[in-house]
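Notes for the one structure printed next.
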Amino acid sequence: MMQYFYCPKCKETWPYPIEKCPHCFEKIQREEQRKKIKVLSVCKVQIPTFLHEKTPYFVLLLEDEKGHRWVQKSEKEYKVGDEFLLEKAKDKKNSVVLWRIKYDFYQAIEKIFDLLSIDVLADFKILILPTLETPVHPYFKENTSPEFLSALLEFLFQKGVKKENIKVLGQSFNQFDIGACAQKSQLLSVCQKFGVLPLDVSQGEFVLKENLEIFKDVFDSNLILNLSMLKQSRIQSLENLLKLIKKENYLSQEYLSSKEEIFKKLLEILPPVLTLGQADVVQRKDKKHFILDLLLGSFNVLNLERVFFEISFPNEIPPFLKEIDLKEIEIVGRKIPEVQVIAFSL
Amino acid sequence: MFVKGVGMTKFDYSQKPWWQFAFEAGLEALEDARLKIKDIDAIVFTSISSCTDPKQEHQTHKISLLSELFKINCPIIETPSVCAGGGVAMWTACHLKGFKNILVVAGEKVVNSISEDTTDKILSAAERIFEQTEGMLFPVQNALLWQEYVKRFGATSDDLALIAFKNHQNAALNPKAYYFKRPVSLEEIKNSPIVASPLRMMDCALSVNGGAAAVISEEKTDIEIIASAFATDYLLTFNRKEFWHFAASKRAAQMAYQEAKIKPQDIQVVEVHDAFTSVELFSYEDLGFAPEGRGAFLIREGIVNLGGKLPVNPSGGLKAKGHPISVTGLAQFYEIVNQLRNRCQERQVKPVPQIGLCHNVGGTGGSAVVHILRRLS
């Protein structure tokens with residue numbers, strides 16, 4: 001479960017994704033994951049801290065078959081010697097997967113696909129919709145990070161998907177030029193590096209569905225990936241999906257209906273979309289950041305956002321999400337109390 | 001190298017700026033050495049204060065501030081190494097070439113906010129992404145490590161309580177310790193709340209503010225530093241091959257004994273890095289005072305008590321004197337020098353020891369420094 005990297009020559013291992021071995025300069029490789037994990041020790045913690053306000057909780061010392069050891073917070077009490085199991089989602093359409101990134105987006109993406117039992121076939125046509133809002137550098141945490149997009153493309157290529165079948169989409173609804181946003185966010189250079197087509201949705205074809213003009217390719221794809229940069233200020237995953245509507249059509253719809261109505265209608269029209277919510281470092285309303293180190297995944301975008309707000313902003317859940325009953329959501333990978341960081345003031 | 005003088009402030013929660021603790025301790029060391037600041041030709045300094053706290057002094061160019069305070073323009077080196085900062089600063093000074101008198105100094109104001117804030121500041125000495133997000137605070141790391149030790153060797157929480165009790169008794173005799181004249185009973189220790197099972201609050205060292213300093217020199221004095229050894233280990237505690245003790249302490253001790261050409265049995269007084277009582281117990285073994293798995297016998301049989309054969313932490317240790325992070329390594333030096341010089345009054349080890357050892361650890365065994373000092377007759 002914990003990803004390790006190793007030098008094929010020296011056999012040294014690292015949990016950190018380094019490039020080369022310091023002994024022999026050999027390229028470091030990703031180690032195959034071990035499935036059998038046992039609990040070596042359990043510690044019950046009673047002291048609250050900034051990152052862990054709610055006590056008591058448990059910290060497990062885990063060990064895999066290869067003897068790698070790591071710690072994991074748990075809301076459930078285990079006994080020493082117990083096998084540590086990871087269950088897959090039963091309700092694939094509505095479950096939310098939570099996974100710690102730990103410097104490695106690739107493993108987090110892999111785990112989300114695994115826990116949601118998503119098969120990616122080599123001939124899949126895939127649309128990727130990153131968060132692309134403003135022409136700023138990645139450290140502002142406004143747009144999807146280039147590391148995340150890189151890891152996703154690597155993962156898809158590993159599954160055999162052809163680069164000509166992948167399109168990375170963007171559309172500007174504000175005053176900023178989408179090309180400038182793509183360039184400054186470094187997402188354009190990722191597309192160029194991997195030879196993947198970046199596409200301005202506004203230049204594409206649209207089909208009319210219940211008063212909404214939707215980007216045509218949406219209905220010809222096998223998989224749509226919504227890479228939302230999760231934030232406190234807005235329901236970013238839904239805002240992303242709006243970019244699949246023709247700009248002029250969306251702006252006219254805004255006069256006729258509330259944003260919530262447009263969201264609801266859009267979700268009824270769209271085929272299943274897998275949202276991957278990036279929450280490694282999260283932007284608060286005041287634009288300051290805090291560390292969460294999470295990737296969230298779900299085919300139910302509302303459930304995903306509901307879980308995200310519960311984790312970090314439980315007292316500021318947007319009204320649109322409040323009606324969703326958290327108890328009805330199946331959460332796999334990690335549990336909310338294990339990863340909860342109430343955004344504290346800096 | 002030789003020790004000319006030592007200085008240390010009272011360890012407490014006073015809210016002086018970090019530099020004032022360092023300055024006060026530095027002046028005391030200079031006076032003790034009977035030197036003036038113009039006689040110093042290099043300073044080695046350590047601290048984590050303020051650089052971890054952007055809302056307060058927020059000063060990382062500390063060497064320049066020290067230049068201004070001491071009115072000196074010599075080289076000033078900063079060696080930030082968290083809890084091992086003092087030891088690493090001393091090791092650096094011992095390995096500098098071409099300087100006659102070196103002032104080694106540390107000052108910390110780590111406790112200056114709510115306890116969650118202080119805990120988080122101190123946690124900058126550990127790992128955030130793999131460990132702290134998973135609830136690994138220092139007490140948790142040490143509790144899990146202790147559980148592994150117990151599984152292998154079978155010591156008990158009562159042994160740890162005895163260590164805490166001993167260190168509190170010693171601190172009660174030390175005017176510069178936080179717990180001076182405030183002894184704590186064994187019952188209070190055993191009944192203190194569990195913070196990270198099985199470690200109790202009274203198994204944990206006390207974070208305080210303070211300063212300490214020493215002047216070392218190439219010129220011969222009554223105290224010689226006969227060994228200065230330093231070893232490191234992985235930051236991720238359980239990624240280490242041996243995770244039931246501190247291998248870095250063992251390596252540093254072995255190097256130190258080799259350099260000093262002595263054996264562990266030759267040591268007569270020790271300051272051990274008891275950030276947790278469990279660390280003191282297995283450090284008896286890492287430092288070679290007991291075979292592996294037999295450390296508990298030293299406390300059960302009173303060998304490490306003030307009147308015992310090998311007094312450990314006569315100052316009260318980090319547990320009861322207090323632990324001002326980077327300052328600790330130099331505070332240990334202060335205690336051992338004063339023990340060798342027969343200056344410790346009520347807590348003086350008898351007969352006056354000739355050889356003493358300082359053991360300073362960074363994080364949960366991620367670095368360890370061992371110094372051995374000898375009084376020359």
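Residues are named by chain letter and number: chains run A, B, ... in the order of the structure tokens, numbers start at 1 in each chain, and ligands are numbered from 1 in the order shown.
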
*asked:* Residues near Ile214 in chain A, anyone? I mean within 10 Å using only C-alpha atoms, not counting same-chain ones fewer than 4 positions away, as a list of chain:residue names.
replied: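 Non-adjacent residues within range: A:Val201, A:Gly204, A:Glu205, A:Phe206, A:Val207, A:Leu208, A:Lys209, A:Glu210, A:Val218, A:Phe219, A:Leu242, A:Lys243, A:Leu244, A:Ile245, A:Lys246, A:Lys247, A:Asn249, A:Tyr250, A:Leu266, A:Ile269, A:Leu270.
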
Can you write just those residues out, N, CA and C atoms, as a PDB file, in the first residue's frame?
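So the final result, stored in part.pdb, reads:
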ATOM      1  N   VAL A 201     -11.993  24.195 -25.986  1.00  0.00           N
ATOM      2  CA  VAL A 201     -13.353  23.696 -26.203  1.00  0.00           C
ATOM      3  C   VAL A 201     -14.169  24.673 -27.068  1.00  0.00           C
ATOM      4  N   GLY A 204     -14.434  23.911 -30.657  1.00  0.00           N
ATOM      5  CA  GLY A 204     -14.947  22.594 -31.067  1.00  0.00           C
ATOM      6  C   GLY A 204     -16.398  22.639 -31.509  1.00  0.00           C
ATOM      7  N   GLU A 205     -16.954  21.449 -31.756  1.00  0.00           N
ATOM      8  CA  GLU A 205     -18.361  21.333 -32.150  1.00  0.00           C
ATOM      9  C   GLU A 205     -19.205  21.055 -30.919  1.00  0.00           C
ATOM     10  N   PHE A 206     -20.459  21.469 -30.984  1.00  0.00           N
ATOM     11  CA  PHE A 206     -21.355  21.291 -29.833  1.00  0.00           C
ATOM     12  C   PHE A 206     -22.663  20.646 -30.285  1.00  0.00           C
ATOM     13  N   VAL A 207     -23.274  19.941 -29.370  1.00  0.00           N
ATOM     14  CA  VAL A 207     -24.603  19.381 -29.654  1.00  0.00           C
ATOM     15  C   VAL A 207     -25.578  19.933 -28.618  1.00  0.00           C
ATOM     16  N   LEU A 208     -26.801  20.182 -29.041  1.00  0.00           N
ATOM     17  CA  LEU A 208     -27.799  20.772 -28.146  1.00  0.00           C
ATOM     18  C   LEU A 208     -28.524  19.666 -27.381  1.00  0.00           C
ATOM     19  N   LYS A 209     -28.519  19.755 -26.070  1.00  0.00           N
ATOM     20  CA  LYS A 209     -29.229  18.794 -25.218  1.00  0.00           C
ATOM     21  C   LYS A 209     -29.969  19.592 -24.153  1.00  0.00           C
ATOM     22  N   GLU A 210     -31.272  19.578 -24.234  1.00  0.00           N
ATOM     23  CA  GLU A 210     -32.130  20.278 -23.260  1.00  0.00           C
ATOM     24  C   GLU A 210     -31.655  21.711 -22.999  1.00  0.00           C
ATOM     25  N   VAL A 218     -17.723  14.825 -25.887  1.00  0.00           N
ATOM     26  CA  VAL A 218     -18.133  14.241 -24.608  1.00  0.00           C
ATOM     27  C   VAL A 218     -18.921  12.943 -24.833  1.00  0.00           C
ATOM     28  N   PHE A 219     -19.705  12.940 -25.920  1.00  0.00           N
ATOM     29  CA  PHE A 219     -20.574  11.783 -26.154  1.00  0.00           C
ATOM     30  C   PHE A 219     -19.896  10.707 -27.007  1.00  0.00           C
ATOM     31  N   LEU A 242     -18.757  22.816 -16.071  1.00  0.00           N
ATOM     32  CA  LEU A 242     -19.442  23.860 -16.857  1.00  0.00           C
ATOM     33  C   LEU A 242     -18.673  24.176 -18.141  1.00  0.00           C
ATOM     34  N   LYS A 243     -17.358  23.915 -18.090  1.00  0.00           N
ATOM     35  CA  LYS A 243     -16.512  24.236 -19.249  1.00  0.00           C
ATOM     36  C   LYS A 243     -16.789  23.319 -20.440  1.00  0.00           C
ATOM     37  N   LEU A 244     -17.656  22.360 -20.244  1.00  0.00           N
ATOM     38  CA  LEU A 244     -18.054  21.500 -21.364  1.00  0.00           C
ATOM     39  C   LEU A 244     -19.248  22.101 -22.120  1.00  0.00           C
ATOM     40  N   ILE A 245     -19.772  23.222 -21.599  1.00  0.00           N
ATOM     41  CA  ILE A 245     -20.882  23.927 -22.249  1.00  0.00           C
ATOM     42  C   ILE A 245     -20.288  25.055 -23.097  1.00  0.00           C
ATOM     43  N   LYS A 246     -20.930  25.325 -24.227  1.00  0.00           N
ATOM     44  CA  LYS A 246     -20.475  26.445 -25.058  1.00  0.00           C
ATOM     45  C   LYS A 246     -20.612  27.748 -24.255  1.00  0.00           C
ATOM     46  N   LYS A 247     -19.591  28.571 -24.302  1.00  0.00           N
ATOM     47  CA  LYS A 247     -19.538  29.771 -23.453  1.00  0.00           C
ATOM     48  C   LYS A 247     -20.784  30.661 -23.610  1.00  0.00           C
ATOM     49  N   ASN A 249     -23.672  29.981 -24.752  1.00  0.00           N
ATOM     50  CA  ASN A 249     -24.863  29.281 -24.279  1.00  0.00           C
ATOM     51  C   ASN A 249     -24.933  29.315 -22.753  1.00  0.00           C
ATOM     52  N   TYR A 250     -23.782  29.086 -22.135  1.00  0.00           N
ATOM     53  CA  TYR A 250     -23.738  29.100 -20.660  1.00  0.00           C
ATOM     54  C   TYR A 250     -24.095  30.489 -20.121  1.00  0.00           C
ATOM     55  N   LEU A 266     -26.986  19.792 -16.155  1.00  0.00           N
ATOM     56  CA  LEU A 266     -25.755  19.310 -16.784  1.00  0.00           C
ATOM     57  C   LEU A 266     -25.421  17.888 -16.325  1.00  0.00           C
ATOM     58  N   ILE A 269     -27.425  15.358 -18.080  1.00  0.00           N
ATOM     59  CA  ILE A 269     -27.100  15.194 -19.504  1.00  0.00           C
ATOM     60  C   ILE A 269     -25.794  14.432 -19.725  1.00  0.00           C
ATOM     61  N   LEU A 270     -24.794  14.746 -18.894  1.00  0.00           N
ATOM     62  CA  LEU A 270     -23.447  14.210 -19.128  1.00  0.00           C
ATOM     63  C   LEU A 270     -23.373  12.702 -18.899  1.00  0.00           C
TER      64      LEU A 270
END

Determine, using only C-alpha atoms, which residues of chain B have any atom at most 7 Å from an atom of chain A, and tabulate each with its shortest atom pair and distance in Å to one decimal place, rows ordered by chain and then rising number, as a Markdown table.
| residue | atom | partner | partner_atom | distance |
| --- | --- | --- | --- | --- |
| B:Glu116 | CA | A:Thr49 | CA | 5.0 |
| B:Ile129 | CA | A:Lys102 | CA | 5.8 |
| B:Phe130 | CA | A:Lys102 | CA | 6.3 |
| B:Glu131 | CA | A:Val71 | CA | 6.6 |
| B:Thr133 | CA | A:Leu51 | CA | 6.8 |
| B:Glu134 | CA | A:Lys73 | CA | 4.6 |
| B:Gly135 | CA | A:Lys73 | CA | 5.7 |
| B:Val140 | CA | A:Cys43 | CA | 6.7 |
| B:Ala143 | CA | A:Cys43 | CA | 6.9 |
| B:Leu144 | CA | A:Cys43 | CA | 6.5 |
| B:Val195 | CA | A:Gln46 | CA | 5.0 |
| B:Ala196 | CA | A:Val45 | CA | 4.4 |
| B:Ser197 | CA | A:Lys44 | CA | 5.2 |
| B:Phe238 | CA | A:Arg69 | CA | 5.8 |
| B:Asn239 | CA | A:Arg69 | CA | 6.0 |

*In Å, rounded to a single decimal, give me how far CA of Ile336 in chain A is from CA of Ile18 in chain A.*
29.8 Å

*asked:* Quick check for you: according to DSSP on this backbone, which residues of range 158-328 of chain B are classed as alpha helix (DSSP H)? Reply as a PyMOL selection string.
replied: chain B and resi 158-171+186-190+247-260+277-286+295-300+317-320+328

Dump of N, CA and C atoms for the selected residues, as a short mmCIF file (atom, residue, chain, number, x, y, z; two decimals), in the first residue's frame:
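part35.cif written:
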data_model
loop_
_atom_site.label_atom_id
_atom_site.label_comp_id
_atom_site.auth_asym_id
_atom_site.auth_seq_id
_atom_site.Cartn_x
_atom_site.Cartn_y
_atom_site.Cartn_z
N ASP B 158 6.79 0.39 34.64
CA ASP B 158 7.30 0.70 35.98
C ASP B 158 8.78 1.10 35.91
N ASP B 159 9.52 0.48 34.99
CA ASP B 159 10.93 0.86 34.81
C ASP B 159 11.02 2.32 34.35
N LEU B 160 10.10 2.68 33.44
CA LEU B 160 10.11 4.05 32.93
C LEU B 160 9.74 5.03 34.05
N ALA B 161 8.81 4.62 34.89
CA ALA B 161 8.41 5.49 36.01
C ALA B 161 9.59 5.73 36.94
N LEU B 162 10.39 4.71 37.14
CA LEU B 162 11.58 4.86 38.01
C LEU B 162 12.57 5.87 37.42
N ILE B 163 12.69 5.84 36.10
CA ILE B 163 13.60 6.79 35.42
C ILE B 163 13.09 8.21 35.61
N ALA B 164 11.78 8.40 35.40
CA ALA B 164 11.20 9.74 35.58
C ALA B 164 11.39 10.20 37.02
N PHE B 165 11.16 9.30 37.96
CA PHE B 165 11.28 9.62 39.37
C PHE B 165 12.71 10.05 39.70
N LYS B 166 13.67 9.28 39.22
CA LYS B 166 15.10 9.60 39.46
C LYS B 166 15.44 10.99 38.91
N ASN B 167 15.00 11.27 37.68
CA ASN B 167 15.36 12.54 37.05
C ASN B 167 14.68 13.72 37.75
N HIS B 168 13.46 13.50 38.23
CA HIS B 168 12.79 14.56 38.98
C HIS B 168 13.48 14.81 40.32
N GLN B 169 13.92 13.74 40.96
CA GLN B 169 14.65 13.91 42.23
C GLN B 169 15.92 14.73 42.01
N ASN B 170 16.63 14.42 40.92
CA ASN B 170 17.87 15.15 40.62
C ASN B 170 17.59 16.62 40.29
N ALA B 171 16.55 16.84 39.48
CA ALA B 171 16.22 18.22 39.08
C ALA B 171 15.86 19.07 40.29
N LEU B 186 6.47 9.12 42.94
CA LEU B 186 6.34 7.98 42.02
C LEU B 186 4.87 7.75 41.65
N GLU B 187 3.98 7.99 42.62
CA GLU B 187 2.54 7.81 42.37
C GLU B 187 2.04 8.80 41.33
N GLU B 188 2.50 10.06 41.48
CA GLU B 188 2.09 11.08 40.50
C GLU B 188 2.53 10.68 39.10
N ILE B 189 3.74 10.13 39.03
CA ILE B 189 4.27 9.71 37.72
C ILE B 189 3.44 8.57 37.17
N LYS B 190 3.20 7.57 38.01
CA LYS B 190 2.47 6.38 37.53
C LYS B 190 1.01 6.68 37.21
N ALA B 247 20.10 3.37 16.57
CA ALA B 247 21.37 2.87 16.03
C ALA B 247 22.39 4.01 15.91
N ALA B 248 21.91 5.24 15.68
CA ALA B 248 22.84 6.38 15.56
C ALA B 248 23.58 6.61 16.88
N SER B 249 22.85 6.42 18.01
CA SER B 249 23.50 6.58 19.33
C SER B 249 24.59 5.53 19.50
N LYS B 250 24.27 4.33 19.09
CA LYS B 250 25.22 3.22 19.25
C LYS B 250 26.48 3.49 18.41
N ARG B 251 26.26 3.92 17.16
CA ARG B 251 27.40 4.20 16.27
C ARG B 251 28.25 5.34 16.83
N ALA B 252 27.58 6.42 17.28
CA ALA B 252 28.32 7.59 17.80
C ALA B 252 29.10 7.18 19.05
N ALA B 253 28.48 6.37 19.92
CA ALA B 253 29.17 5.94 21.15
C ALA B 253 30.39 5.09 20.83
N GLN B 254 30.21 4.16 19.89
CA GLN B 254 31.34 3.30 19.52
C GLN B 254 32.51 4.12 18.98
N MET B 255 32.17 5.10 18.13
CA MET B 255 33.23 5.97 17.57
C MET B 255 33.91 6.77 18.68
N ALA B 256 33.09 7.23 19.64
CA ALA B 256 33.64 8.06 20.73
C ALA B 256 34.58 7.24 21.61
N TYR B 257 34.17 6.02 21.97
CA TYR B 257 35.04 5.18 22.82
C TYR B 257 36.36 4.89 22.11
N GLN B 258 36.24 4.66 20.81
CA GLN B 258 37.44 4.37 20.02
C GLN B 258 38.37 5.59 20.01
N GLU B 259 37.77 6.76 19.81
CA GLU B 259 38.58 7.99 19.76
C GLU B 259 39.22 8.28 21.12
N ALA B 260 38.46 8.05 22.19
CA ALA B 260 38.95 8.35 23.54
C ALA B 260 39.87 7.25 24.08
N THR B 277 11.35 8.84 28.70
CA THR B 277 12.02 7.94 29.65
C THR B 277 12.48 6.66 28.95
N SER B 278 11.70 6.23 27.94
CA SER B 278 12.07 5.02 27.19
C SER B 278 13.40 5.22 26.48
N VAL B 279 13.65 6.44 26.00
CA VAL B 279 14.92 6.71 25.30
C VAL B 279 16.08 6.58 26.28
N GLU B 280 15.87 7.06 27.51
CA GLU B 280 16.95 6.91 28.49
C GLU B 280 17.25 5.43 28.71
N LEU B 281 16.18 4.62 28.81
CA LEU B 281 16.40 3.20 29.13
C LEU B 281 17.21 2.49 28.04
N PHE B 282 16.77 2.63 26.78
CA PHE B 282 17.54 1.88 25.77
C PHE B 282 18.86 2.56 25.41
N SER B 283 19.00 3.83 25.83
CA SER B 283 20.30 4.49 25.62
C SER B 283 21.36 3.89 26.54
N TYR B 284 20.96 3.36 27.71
CA TYR B 284 21.92 2.66 28.58
C TYR B 284 22.63 1.58 27.76
N GLU B 285 21.84 0.94 26.88
CA GLU B 285 22.39 -0.14 26.06
C GLU B 285 23.15 0.41 24.86
N ASP B 286 22.55 1.40 24.19
CA ASP B 286 23.22 1.98 23.01
C ASP B 286 24.57 2.58 23.38
N GLY B 295 18.95 -3.03 29.93
CA GLY B 295 19.01 -1.65 30.43
C GLY B 295 18.19 -1.44 31.69
N ALA B 296 17.04 -2.11 31.77
CA ALA B 296 16.13 -1.90 32.90
C ALA B 296 16.79 -2.22 34.24
N PHE B 297 17.73 -3.13 34.23
CA PHE B 297 18.37 -3.52 35.50
C PHE B 297 19.15 -2.35 36.12
N LEU B 298 19.63 -1.47 35.27
CA LEU B 298 20.40 -0.33 35.78
C LEU B 298 19.53 0.59 36.63
N ILE B 299 18.28 0.77 36.21
CA ILE B 299 17.40 1.64 37.00
C ILE B 299 16.80 0.85 38.17
N ARG B 300 16.47 -0.42 37.94
CA ARG B 300 15.88 -1.22 39.03
C ARG B 300 16.86 -1.35 40.19
N GLY B 317 18.05 15.95 33.70
CA GLY B 317 17.80 15.53 32.31
C GLY B 317 16.77 16.40 31.61
N LEU B 318 16.46 15.99 30.40
CA LEU B 318 15.46 16.72 29.62
C LEU B 318 14.10 16.60 30.32
N LYS B 319 13.93 15.48 31.01
CA LYS B 319 12.67 15.17 31.66
C LYS B 319 12.27 16.22 32.70
N ALA B 320 13.22 16.63 33.54
CA ALA B 320 12.84 17.49 34.67
C ALA B 320 13.64 18.79 34.77
N THR B 328 19.78 21.86 24.52
CA THR B 328 20.00 20.68 25.36
C THR B 328 21.43 20.12 25.30
#

*Within 10 Å of Val349 in chain B using only C-alpha atoms, minus same-chain residues under 2 positions, as a list in words*: Gln268, Val269, Asn305, Leu306, Gly307, Gly308, Lys309, Leu310, Pro311, Val312, Pro314, Gln339, Leu340, Asn342, Arg343, Cys344, Gln345, Glu346, Arg347, Pro351, Val352 and Pro353 of chain B

Just to be explicit: take each residue in the selection above, keep C-alpha atoms, and write the result as a CSV table (one decimal), in the first residue's frame.
chain,number,residue,atom,x,y,z
B,268,GLN,CA,31.7,7.9,35.8
B,269,VAL,CA,28.9,10.3,35.0
B,305,ASN,CA,20.8,7.0,40.6
B,306,LEU,CA,22.8,9.9,42.0
B,307,GLY,CA,24.4,7.7,44.7
B,308,GLY,CA,24.8,4.8,42.3
B,309,LYS,CA,27.8,3.5,40.5
B,310,LEU,CA,27.0,5.3,37.2
B,311,PRO,CA,24.8,8.4,37.9
B,312,VAL,CA,22.8,9.3,34.8
B,314,PRO,CA,22.3,14.3,37.6
B,339,GLN,CA,30.4,17.7,37.7
B,340,LEU,CA,34.1,17.1,36.7
B,342,ASN,CA,33.1,19.5,41.6
B,343,ARG,CA,30.8,22.5,41.4
B,344,CYS,CA,27.4,20.8,41.6
B,345,GLN,CA,26.8,21.1,45.3
B,346,GLU,CA,23.8,19.0,46.4
B,347,ARG,CA,23.7,17.0,43.2
B,351,PRO,CA,33.6,10.8,44.4
B,352,VAL,CA,34.2,13.6,42.0
B,353,PRO,CA,34.2,12.0,38.6

*Report the residues of range 115-165 of chain A whose backbone DSSP state falls under strand (DSSP E or B), written as a list in words.*
Ile126, Leu127, Ile128, Leu129 and Pro130 of chain A

*For Lys288 in chain A, which residue out of A:Cys181, A:Asp104, A:Lys231, A:Leu169 is the nearest one, using only C-alpha atoms?*
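So, comparing all the options, the nearest one is A:Lys231.
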
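By only C-alpha atoms, and with residues fewer than 4 positions from Ile109 in chain A along its chain excluded, the set lying at most 10 Å from it is Trp99, Ile101, Asp104, Phe105, Phe113, Asp114, Phe148, Ala151, Leu152, Phe155, Leu156, Leu276, Leu295, Leu296 and Gly297 of chain A.
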
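Proximity of A:Ile329, A:Val120, A:Cys24, A:Ile112 to Lys159 in chain A, computed with only C-alpha atoms, is greatest for A:Val120.
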
*Can you work out which one of A:Thr131, A:Ser298, A:Gln3, A:Thr55 has the shortest atom-to-atom distance to Met229 in chain A, counting only C-alpha atoms?*
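The answer is A:Thr131, which sits nearest to Met229 in chain A.
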